[in-house]
>>> print(open('structure_16.txt').read())   # compact mmCIF, C-alpha atoms
# COMPACT_ATOMS: atom_id res chain seq x y z
CA MET A 1 -35.81 -9.42 -25.27
CA LEU A 2 -34.70 -6.17 -23.73
CA GLY A 3 -36.30 -4.84 -20.58
CA ASP A 4 -37.57 -1.26 -20.37
CA GLY A 5 -34.58 -0.17 -18.31
CA THR A 6 -32.08 -1.58 -20.79
CA ARG A 7 -33.97 -0.08 -23.73
CA ASP A 8 -34.03 3.35 -22.06
CA ALA A 9 -30.33 3.10 -21.25
CA ARG A 10 -29.52 2.26 -24.88
CA ARG A 11 -31.66 5.17 -26.08
CA THR A 12 -29.83 7.47 -23.68
CA GLU A 13 -26.49 6.23 -24.99
CA ARG A 14 -27.50 6.90 -28.60
CA TYR A 15 -28.63 10.38 -27.66
CA LEU A 16 -25.33 11.10 -25.89
CA ASP A 17 -23.39 9.84 -28.92
CA GLU A 18 -25.36 12.21 -31.16
CA LEU A 19 -24.87 15.05 -28.72
CA MET A 20 -21.12 14.43 -28.67
CA ALA A 21 -20.95 14.18 -32.45
CA ALA A 22 -22.90 17.44 -32.83
CA ASP A 23 -20.50 19.07 -30.40
CA GLU A 24 -17.48 17.83 -32.38
CA ARG A 25 -18.98 19.19 -35.59
CA ARG A 26 -19.69 22.44 -33.73
CA SER A 27 -23.22 22.09 -34.96
CA PRO A 28 -25.66 24.41 -33.18
CA GLY A 29 -28.57 21.99 -33.62
CA ILE A 30 -29.35 19.78 -30.63
CA PRO A 31 -30.32 16.23 -31.59
CA VAL A 32 -33.98 15.48 -31.09
CA ASP A 33 -35.32 12.17 -29.88
CA VAL A 34 -38.99 12.51 -29.10
CA ASP A 35 -39.11 9.16 -27.34
CA LEU A 36 -36.32 10.00 -24.96
CA ASP A 37 -37.26 10.90 -21.42
CA PRO A 38 -37.33 14.75 -21.38
CA ALA A 39 -35.64 14.75 -17.97
CA VAL A 40 -32.68 12.84 -19.41
CA ARG A 41 -32.53 15.19 -22.40
CA PHE A 42 -32.58 18.21 -20.12
CA ALA A 43 -29.83 16.84 -17.86
CA ALA A 44 -27.66 15.83 -20.82
CA GLY A 45 -27.92 19.35 -22.24
CA GLU A 46 -27.04 20.95 -18.91
CA LEU A 47 -24.08 18.66 -18.30
CA SER A 48 -22.66 19.02 -21.80
CA THR A 49 -22.70 22.80 -21.28
CA GLY A 50 -21.61 22.83 -17.68
CA LEU A 51 -18.97 20.11 -17.43
CA VAL A 52 -16.07 21.83 -19.14
CA ARG A 53 -12.65 20.37 -19.62
CA VAL A 54 -10.06 22.07 -17.46
CA HIS A 55 -6.48 22.75 -18.50
CA PRO A 56 -3.83 23.07 -15.81
CA SER A 57 -1.63 26.15 -15.67
CA PHE A 58 1.06 26.42 -18.33
CA ARG A 59 3.65 26.71 -15.58
CA PHE A 60 2.57 23.32 -14.24
CA GLU A 61 2.47 21.86 -17.75
CA ASP A 62 6.02 22.97 -18.49
CA ALA A 63 7.34 21.92 -15.08
CA LEU A 64 5.89 18.42 -15.47
CA ALA A 65 7.17 18.23 -19.06
CA SER A 66 10.68 19.02 -17.77
CA ARG A 67 10.35 16.38 -15.06
CA LEU A 68 9.20 13.79 -17.57
CA SER A 69 11.96 14.77 -19.97
CA ALA A 70 14.59 14.29 -17.26
CA ALA A 71 13.02 10.97 -16.31
CA ALA A 72 13.00 9.89 -19.97
CA ALA A 73 16.71 10.72 -20.27
CA ARG A 74 17.43 8.65 -17.18
CA LEU A 75 15.37 5.73 -18.48
CA LYS A 76 17.23 5.92 -21.77
CA ALA A 77 20.49 5.67 -19.86
CA GLY A 78 19.21 2.61 -18.01
CA LEU A 79 18.76 4.45 -14.71
CA PRO A 80 15.65 4.71 -12.51
CA ALA A 81 13.19 7.33 -13.74
CA GLU A 82 13.55 9.59 -10.74
CA GLU A 83 16.91 10.48 -9.27
CA TYR A 84 15.76 10.54 -5.68
CA LEU A 85 12.58 10.38 -3.71
CA PRO A 86 12.15 13.60 -1.74
CA LEU A 87 11.83 13.17 1.99
CA PRO A 88 8.23 13.73 2.99
CA ALA A 89 7.63 16.69 5.27
CA GLY A 90 7.65 16.08 8.99
CA VAL A 91 9.96 13.03 8.98
CA LEU A 92 12.13 12.59 12.03
CA ALA A 93 15.83 12.34 11.27
CA GLU A 94 18.52 11.57 13.84
CA PHE A 95 21.78 13.46 13.97
CA PRO A 96 24.86 11.29 13.41
CA SER A 97 25.72 9.31 16.53
CA ARG A 98 28.60 10.25 18.84
CA ALA A 99 30.30 6.97 18.12
CA GLY A 100 30.22 7.65 14.42
CA HIS A 101 31.78 11.06 14.91
CA ALA A 102 34.42 9.75 17.29
CA ALA A 103 35.45 7.18 14.73
CA GLY A 104 35.59 9.89 12.09
CA ALA A 105 33.58 7.66 9.81
CA THR A 106 31.63 10.40 8.10
CA GLU A 107 33.92 13.35 8.63
CA PRO A 108 35.88 14.60 5.64
CA ALA A 109 39.62 13.92 5.87
CA GLY A 110 40.59 17.58 5.92
CA HIS A 111 38.37 18.33 8.89
CA ALA A 112 39.56 15.34 10.89
CA ALA A 113 43.22 16.13 10.29
CA GLY A 114 42.91 19.74 11.32
CA SER A 115 40.82 19.23 14.43
CA ALA A 116 43.61 19.47 16.99
CA GLY A 117 44.58 23.08 16.88
CA ALA A 118 42.44 24.38 14.10
CA THR A 119 40.55 27.62 14.20
CA GLY A 120 37.41 28.68 12.34
CA PRO A 121 33.68 28.11 12.74
CA ALA A 122 33.82 24.36 12.14
CA ALA A 123 36.59 23.90 14.68
CA ALA A 124 34.70 26.07 17.17
CA LEU A 125 31.68 23.84 16.72
CA ARG A 126 33.78 20.77 17.47
CA ARG A 127 35.16 22.36 20.65
CA LEU A 128 31.70 23.16 22.01
CA PRO A 129 30.36 20.79 24.65
CA GLU A 130 28.94 17.58 23.28
CA ARG A 131 25.27 18.49 23.66
CA ALA A 132 25.62 21.56 21.47
CA GLY A 133 27.18 19.73 18.55
CA HIS A 134 25.20 16.52 18.77
CA PRO A 135 21.89 17.06 20.51
CA SER A 136 20.19 13.85 21.48
CA ARG A 137 16.78 15.14 20.34
CA PRO A 138 15.58 14.18 16.88
CA LEU A 139 15.24 17.02 14.40
CA ILE A 140 11.93 17.67 12.66
CA MET A 141 12.58 18.44 9.04
CA GLY A 142 9.80 20.56 7.62
CA GLY A 143 10.97 20.67 4.03
CA VAL A 144 13.87 22.00 2.02
CA GLY A 145 13.22 25.67 2.83
CA VAL A 146 13.08 25.09 6.56
CA GLY A 147 16.17 22.88 6.44
CA VAL A 148 18.25 25.43 4.56
CA ALA A 149 17.12 28.31 6.77
CA SER A 150 17.83 26.26 9.90
CA ALA A 151 21.31 25.34 8.65
CA ALA A 152 22.10 28.98 7.78
CA LEU A 153 20.97 30.17 11.23
CA SER A 154 23.06 27.47 12.96
CA LEU A 155 26.18 28.35 10.98
CA GLY A 156 25.61 32.02 11.71
CA ALA A 157 25.33 31.37 15.42
CA VAL A 158 28.49 29.25 15.40
CA TYR A 159 30.34 31.96 13.52
CA VAL A 160 29.26 34.59 16.08
CA ALA A 161 30.37 32.32 18.91
CA TRP A 162 33.74 31.80 17.26
CA ARG A 163 34.22 35.52 16.68
CA HIS A 164 33.52 36.23 20.36
CA SER A 165 35.96 33.61 21.53
CA HIS A 166 38.62 34.94 19.11
CA PRO A 167 38.68 38.72 19.45
CA ALA A 168 40.39 40.54 16.62
CA SER A 169 44.04 41.30 17.37
CA GLY A 170 44.64 44.13 14.93
CA ARG A 171 45.72 47.61 15.96
CA MET A 172 42.31 49.09 15.09
CA ALA A 173 40.50 46.44 17.09
CA ARG A 174 42.68 47.00 20.15
CA ALA A 175 42.03 50.74 19.87
CA ALA A 176 38.30 50.17 19.61
CA ARG A 177 38.30 47.86 22.65
CA ALA A 178 40.29 50.42 24.62
CA ALA A 179 37.90 53.19 23.63
CA HIS A 180 34.80 51.26 24.63
CA GLY A 181 36.30 49.49 27.64
CA ARG A 182 35.50 46.04 26.36
CA THR A 183 38.53 44.24 27.63
CA GLY A 184 36.89 43.03 30.82
CA GLN A 185 36.57 39.27 31.16
CA SER A 186 33.14 39.55 32.83
CA SER A 187 31.61 41.21 29.78
CA GLN A 188 33.15 38.59 27.50
CA HIS A 189 31.74 35.77 29.65
CA ARG A 190 28.28 37.36 29.73
CA ARG A 191 28.11 37.55 25.95
CA THR A 192 29.39 34.02 25.59
CA GLY A 193 26.79 32.89 28.11
CA VAL A 194 24.03 34.51 26.09
CA ILE A 195 25.26 32.87 22.90
CA ASN A 196 25.61 29.52 24.64
CA GLY A 197 22.07 29.99 25.89
CA ILE A 198 20.91 30.48 22.33
CA LEU A 199 22.79 27.38 21.24
CA GLY A 200 21.43 25.37 24.18
CA VAL A 201 24.86 24.78 25.74
CA VAL A 202 24.89 23.94 29.43
CA SER A 203 28.07 25.06 31.11
CA MET B 1 -4.14 -6.44 -16.17
CA PHE B 2 -4.52 -4.29 -19.19
CA GLY B 3 -1.47 -4.02 -21.38
CA ARG B 4 -0.37 -7.60 -20.92
CA VAL B 5 -0.78 -10.27 -23.53
CA GLU B 6 -3.76 -12.31 -22.50
CA GLU B 7 -5.37 -15.36 -23.90
CA GLY B 8 -8.00 -14.37 -26.40
CA ALA B 9 -6.52 -10.93 -26.85
CA ARG B 10 -6.30 -9.43 -30.29
CA PRO B 11 -4.47 -6.36 -31.49
CA ALA B 12 -6.39 -3.17 -32.21
CA ARG B 13 -4.99 -2.73 -35.69
CA LEU B 14 -5.64 0.96 -36.05
CA ASP B 15 -5.23 2.27 -32.55
CA ARG B 16 -5.10 6.02 -33.06
CA ASP B 17 -2.13 6.42 -30.72
CA ARG B 18 -0.09 3.59 -32.17
CA GLY B 19 2.45 5.84 -33.88
CA LEU B 20 3.01 7.99 -30.81
CA VAL B 21 3.24 4.99 -28.50
CA GLU B 22 5.77 3.22 -30.72
CA ALA B 23 7.88 6.36 -30.99
CA ALA B 24 7.84 6.82 -27.22
CA ARG B 25 8.80 3.19 -26.74
CA ARG B 26 11.80 3.54 -29.02
CA ASP B 27 12.83 6.84 -27.48
CA PRO B 28 11.31 7.79 -24.08
CA SER B 29 11.88 11.48 -24.80
CA ARG B 30 9.15 11.21 -27.46
CA PHE B 31 6.65 10.52 -24.67
CA ASP B 32 6.13 14.28 -24.63
CA ALA B 33 3.65 14.08 -27.53
CA LEU B 34 1.42 11.66 -25.62
CA TYR B 35 1.76 13.79 -22.53
CA ARG B 36 0.68 16.98 -24.31
CA LYS B 37 -2.19 15.17 -26.01
CA TYR B 38 -3.73 13.78 -22.84
CA LEU B 39 -2.66 16.27 -20.17
CA ALA B 40 -5.92 18.25 -20.09
CA GLN B 41 -8.03 15.09 -20.09
CA VAL B 42 -6.16 13.48 -17.22
CA TYR B 43 -5.96 16.73 -15.28
CA SER B 44 -9.70 17.37 -15.74
CA TYR B 45 -10.56 13.89 -14.55
CA ALA B 46 -8.35 14.38 -11.50
CA TYR B 47 -9.72 17.85 -10.83
CA TYR B 48 -13.37 16.81 -11.00
CA GLU B 49 -12.68 13.80 -8.81
CA LEU B 50 -10.45 15.45 -6.22
CA ARG B 51 -11.91 18.98 -6.39
CA ASP B 52 -8.61 20.49 -5.42
CA HIS B 53 -6.22 22.18 -7.80
CA HIS B 54 -3.01 21.08 -6.05
CA ALA B 55 -4.18 17.52 -5.47
CA ALA B 56 -5.14 17.29 -9.14
CA GLU B 57 -1.68 18.48 -10.17
CA ASP B 58 0.02 15.95 -7.89
CA ALA B 59 -2.16 13.14 -9.20
CA THR B 60 -1.58 14.18 -12.82
CA GLY B 61 2.18 14.17 -12.29
CA ARG B 62 2.06 10.70 -10.78
CA VAL B 63 -0.14 9.37 -13.58
CA PHE B 64 2.20 10.48 -16.35
CA MET B 65 5.31 9.39 -14.48
CA GLN B 66 3.83 5.92 -13.97
CA ALA B 67 2.79 5.80 -17.61
CA LEU B 68 6.28 6.76 -18.78
CA VAL B 69 7.92 4.13 -16.59
CA GLY B 70 5.32 1.49 -17.45
CA LEU B 71 5.22 2.13 -21.19
CA PRO B 72 7.58 -0.76 -22.09
CA ARG B 73 5.09 -3.12 -20.42
CA PHE B 74 2.10 -1.67 -22.27
CA GLU B 75 0.95 -3.67 -25.25
CA GLU B 76 -1.44 -2.35 -27.77
CA ARG B 77 -4.02 -5.02 -27.42
CA VAL B 78 -7.68 -5.18 -26.80
CA ASP B 79 -8.10 -7.78 -24.12
CA ALA B 80 -10.91 -10.27 -24.28
CA PHE B 81 -13.01 -8.21 -21.93
CA ILE B 82 -12.97 -5.15 -24.14
CA ALA B 83 -13.06 -7.07 -27.41
CA SER B 84 -16.30 -8.75 -26.48
CA ARG B 85 -17.89 -5.36 -25.98
CA ILE B 86 -16.77 -3.60 -29.12
CA PRO B 87 -19.16 -3.80 -32.07
CA ALA B 88 -17.73 -5.60 -35.07
CA GLY B 89 -15.36 -3.40 -37.03
CA GLU B 90 -15.21 -0.61 -34.49
CA ALA B 91 -11.78 -1.59 -33.22
CA ASP B 92 -10.48 -0.95 -36.72
CA SER B 93 -12.13 2.42 -37.08
CA ALA B 94 -9.33 4.40 -35.48
CA GLU B 95 -11.76 5.55 -32.80
CA LEU B 96 -10.38 3.40 -30.05
CA SER B 97 -7.23 4.15 -28.13
CA THR B 98 -6.07 1.33 -25.96
CA PHE B 99 -3.36 3.70 -24.73
CA ARG B 100 -5.96 6.18 -23.50
CA VAL B 101 -7.85 3.42 -21.69
CA TRP B 102 -4.59 2.20 -20.15
CA LEU B 103 -3.66 5.76 -19.10
CA PHE B 104 -7.05 6.34 -17.51
CA ARG B 105 -6.82 3.07 -15.65
CA ILE B 106 -3.61 4.37 -14.11
CA ALA B 107 -5.40 7.65 -13.37
CA ARG B 108 -8.31 5.84 -11.75
CA ASN B 109 -5.93 3.97 -9.41
CA VAL B 110 -3.85 7.04 -8.57
CA ILE B 111 -6.97 9.10 -7.82
CA ALA B 112 -8.52 6.30 -5.76
CA ASN B 113 -5.35 6.18 -3.66
CA GLU B 114 -5.41 9.95 -3.29
CA ARG B 115 -9.04 9.91 -2.15
CA ARG B 116 -8.35 7.12 0.30
CA ARG B 117 -5.42 9.07 1.74
CA ASP B 118 -7.44 12.17 2.40
CA ARG B 119 -11.14 11.56 2.62
CA ARG B 120 -11.66 14.81 4.47
CA ARG B 121 -10.25 17.00 1.75
CA PRO B 122 -12.03 20.34 1.71
CA VAL B 123 -14.19 20.89 -1.32
CA SER B 124 -13.06 23.93 -3.25
CA SER B 125 -15.37 26.32 -4.99
CA LEU B 126 -15.77 26.05 -8.71
CA ASP B 127 -14.85 29.66 -9.42
CA GLU B 128 -11.65 28.57 -11.15
CA VAL B 129 -13.51 26.18 -13.45
CA ALA B 130 -16.15 28.77 -14.23
CA GLU B 131 -13.48 31.26 -15.27
CA PHE B 132 -11.93 28.75 -17.66
CA SER B 133 -15.26 28.35 -19.36
CA ALA B 134 -16.17 32.00 -19.60
CA PRO B 135 -13.55 34.05 -21.35
CA GLY B 136 -16.12 36.21 -23.20
CA ASP B 137 -18.28 39.09 -22.10
CA VAL B 138 -19.68 39.57 -18.62
CA VAL B 139 -23.20 38.27 -19.29
CA ASP B 140 -21.89 35.16 -21.00
CA ALA B 141 -19.41 34.73 -18.21
CA ALA B 142 -22.11 34.94 -15.54
CA ALA B 143 -24.33 32.49 -17.40
CA ALA B 144 -21.47 30.07 -17.96
CA ARG B 145 -20.45 30.36 -14.33
CA GLU B 146 -23.98 29.53 -13.26
CA ALA B 147 -24.19 26.56 -15.63
CA VAL B 148 -20.85 25.21 -14.47
CA GLY B 149 -21.73 25.68 -10.82
CA ALA B 150 -25.09 23.97 -11.18
CA ALA B 151 -23.62 21.05 -13.14
CA TRP B 152 -20.80 20.67 -10.64
CA GLU B 153 -23.17 20.67 -7.67
CA ALA B 154 -25.46 18.13 -9.27
CA VAL B 155 -22.64 15.81 -10.27
CA SER B 156 -20.93 16.05 -6.91
CA ARG B 157 -24.06 14.69 -5.25
CA LEU B 158 -24.05 11.55 -7.39
CA PRO B 159 -22.79 8.23 -6.01
CA GLU B 160 -19.13 7.58 -6.82
CA ASP B 161 -19.58 5.14 -9.72
CA ARG B 162 -22.19 7.28 -11.47
CA ARG B 163 -20.10 10.41 -11.00
CA ARG B 164 -17.04 8.77 -12.56
CA ALA B 165 -19.04 7.56 -15.52
CA VAL B 166 -20.51 11.03 -16.06
CA ILE B 167 -17.10 12.73 -15.87
CA LEU B 168 -15.52 10.27 -18.30
CA ARG B 169 -18.46 10.71 -20.68
CA PHE B 170 -18.97 14.47 -20.59
CA VAL B 171 -15.55 15.83 -19.68
CA ASP B 172 -13.28 13.28 -21.35
CA GLU B 173 -15.75 12.40 -24.10
CA MET B 174 -15.23 8.66 -23.86
CA SER B 175 -17.44 6.09 -25.50
CA THR B 176 -19.37 3.60 -23.42
CA ALA B 177 -16.87 0.86 -24.35
CA GLU B 178 -13.94 2.98 -23.17
CA ILE B 179 -15.66 3.91 -19.90
CA ALA B 180 -16.44 0.25 -19.31
CA ALA B 181 -12.79 -0.63 -19.85
CA VAL B 182 -11.54 2.14 -17.56
CA LEU B 183 -13.98 1.35 -14.76
CA GLY B 184 -13.77 -2.42 -15.17
CA ARG B 185 -17.53 -2.71 -15.63
CA SER B 186 -19.65 -4.20 -18.37
CA GLU B 187 -20.84 -1.90 -21.12
CA GLY B 188 -24.44 -2.52 -20.15
CA ALA B 189 -23.68 -1.55 -16.56
CA VAL B 190 -22.10 1.70 -17.74
CA ARG B 191 -25.15 2.49 -19.89
CA VAL B 192 -27.42 2.02 -16.89
CA LEU B 193 -25.09 4.08 -14.68
CA LEU B 194 -25.21 6.97 -17.13
CA HIS B 195 -28.96 6.77 -17.62
CA ARG B 196 -29.62 6.79 -13.88
CA ALA B 197 -27.07 9.52 -13.34
CA LEU B 198 -28.84 11.76 -15.86
CA ARG B 199 -32.20 11.18 -14.22
CA SER B 200 -30.72 12.06 -10.81
CA VAL B 201 -29.10 15.18 -12.21
CA ALA B 202 -32.39 16.23 -13.83
CA ASP B 203 -34.25 15.82 -10.54
CA ASP B 204 -31.55 17.74 -8.76
CA LEU B 205 -31.46 20.63 -11.23
CA ARG B 206 -35.23 20.89 -11.40
CA GLY B 207 -35.42 20.92 -7.61
CA ARG B 208 -32.99 23.81 -7.54
CA LEU B 209 -34.81 25.72 -10.27
CA SER B 210 -38.19 25.36 -8.62
>>> encode(input="structure_16.txt", output="structure tokens")
Amino acid sequence: MLGDGTRDARRTERYLDELMAADERRSPGIPVDVDLDPAVRFAAGELSTGLVRVHPSFRFEDALASRLSAAAARLKAGLPAEEYLPLPAGVLAEFPSRAGHAAGATEPAGHAAGSAGATGPAAALRRLPERAGHPSRPLIMGGVGVGVASAALSLGAVYVAWRHSHPASGRMARAARAAHGRTGQSSQHRRTGVINGILGVVS
Amino acid sequence: MFGRVEEGARPARLDRDRGLVEAARRDPSRFDALYRKYLAQVYSYAYYELRDHHAAEDATGRVFMQALVGLPRFEERVDAFIASRIPAGEADSAELSTFRVWLFRIARNVIANERRRDRRRPVSSLDEVAEFSAPGDVVDAAAAREAVGAAWEAVSRLPEDRRRAVILRFVDEMSTAEIAAVLGRSEGAVRVLLHRALRSVADDLRGRLS
């Protein structure tokens, strides 16, 4: 024996099934059930009109399809579905330790071999005081964009520092220095001090 | 766990997604057909639950990635729980997709995790949804926008379990048996949830109109 509540719920279900079937047939007629609570009928009509299915953007659809396709290829090859897990934003990452650098554990062979008398931005970076090359503070990584921009700025600053410590020796450069009176050691030191200030070097 | 062979389980002989699932199992690159078929349904479910376009995209991506990876473990079977709630013969009527139920169970878990992670997510306006539904002339568009907005407001005020049942029924057009399987409730409980949800929505809409 069904209670009133169960009977009403079953009646509602039948009505919703009919409503859905009418919608699939694109039939304009709304099913009529005179015994159904009018409030339920009203709400069902409003929700079937108002609750529309939403499609994501085609750009998202294609991007996810590409991701799934790449994952499927990896699965087919017996590899994990995703190549790497991206580092979440705001994770703290330590620079390599001093000991690790001293041992040359992570340094490429070419760099290690040429460190003694080498010139160039990388060598200039190695010759800077320890705090500049390997700050003890952790670095906050705010995402790929921030990381790339930060790296580009750092390399740029190192390059500028190297250029100032290695003035051009060509005839034109000497002429320019003579013309502008830039041979003085005090001026050179001031500029280097400013750059070191930017890099956080304590002299 | 759905998808595993369980005691008392029986195969759904004419699961409407059987061909696509088998093809994707043999060759994962064929998963694309299942993805295209269910993308809008999964995305809509996520969007109505999370009410944020970006969160819905993230959740949708996770759902399909988990489904792709988990597909070898999925078995086209109606477990005892579902079988006991399907009227005789209906499982053979090509109306039931055990894959869809399985996919929406993944979606339910992913979305629940998302909601747990950020309970204070700002609620976005429904302008975007209203525009999807109203591509026609201005009057139709305004009417559709109003209908969508009113429905959205009414549904968003429902308790969580009623809201989920309503979304699965009206947006994803699931049967009571499928909703019961996705939500892990009995079919009778889902019927009552829907009936009560409709009464609440009616009260809400009438209150707004008056």
>>> interface_residues(input="structure_16.txt", of="chain A", to="chain B", cutoff="8 Å", atoms="all atoms listed in the file", output="PyMOL selection string")
chain A and resi 5-6+8-10+12-13+17+20+39-40+42-44+46-56+60-61+64-65+68-69+72-73+75-76+81
>>> residues_around(input="structure_16.txt", residues="region 101-113 of chain B", least_positions_apart="6", cutoff="7 Å", atoms="all atoms listed in the file", output="list in words")
Phe2, Ala46, Ala59, Val63, Ala67, Glu178, Ala181 and Val182 of chain B
>>> atom_distance(input="structure_16.txt", atom1="CA of Pro80 (chain A)", atom2="CA of Phe99 (chain B)")
22.6 Å
>>> residues_around(input="structure_16.txt", residues="Leu36 (chain A)", least_positions_apart="3", cutoff="7 Å", atoms="all atoms listed in the file", output="PyMOL selection string")
chain A and resi 11+33+41
>>> atom_distance(input="structure_16.txt", atom1="CA of Glu18 (chain A)", atom2="CA of Leu34 (chain B)")
27.4 Å
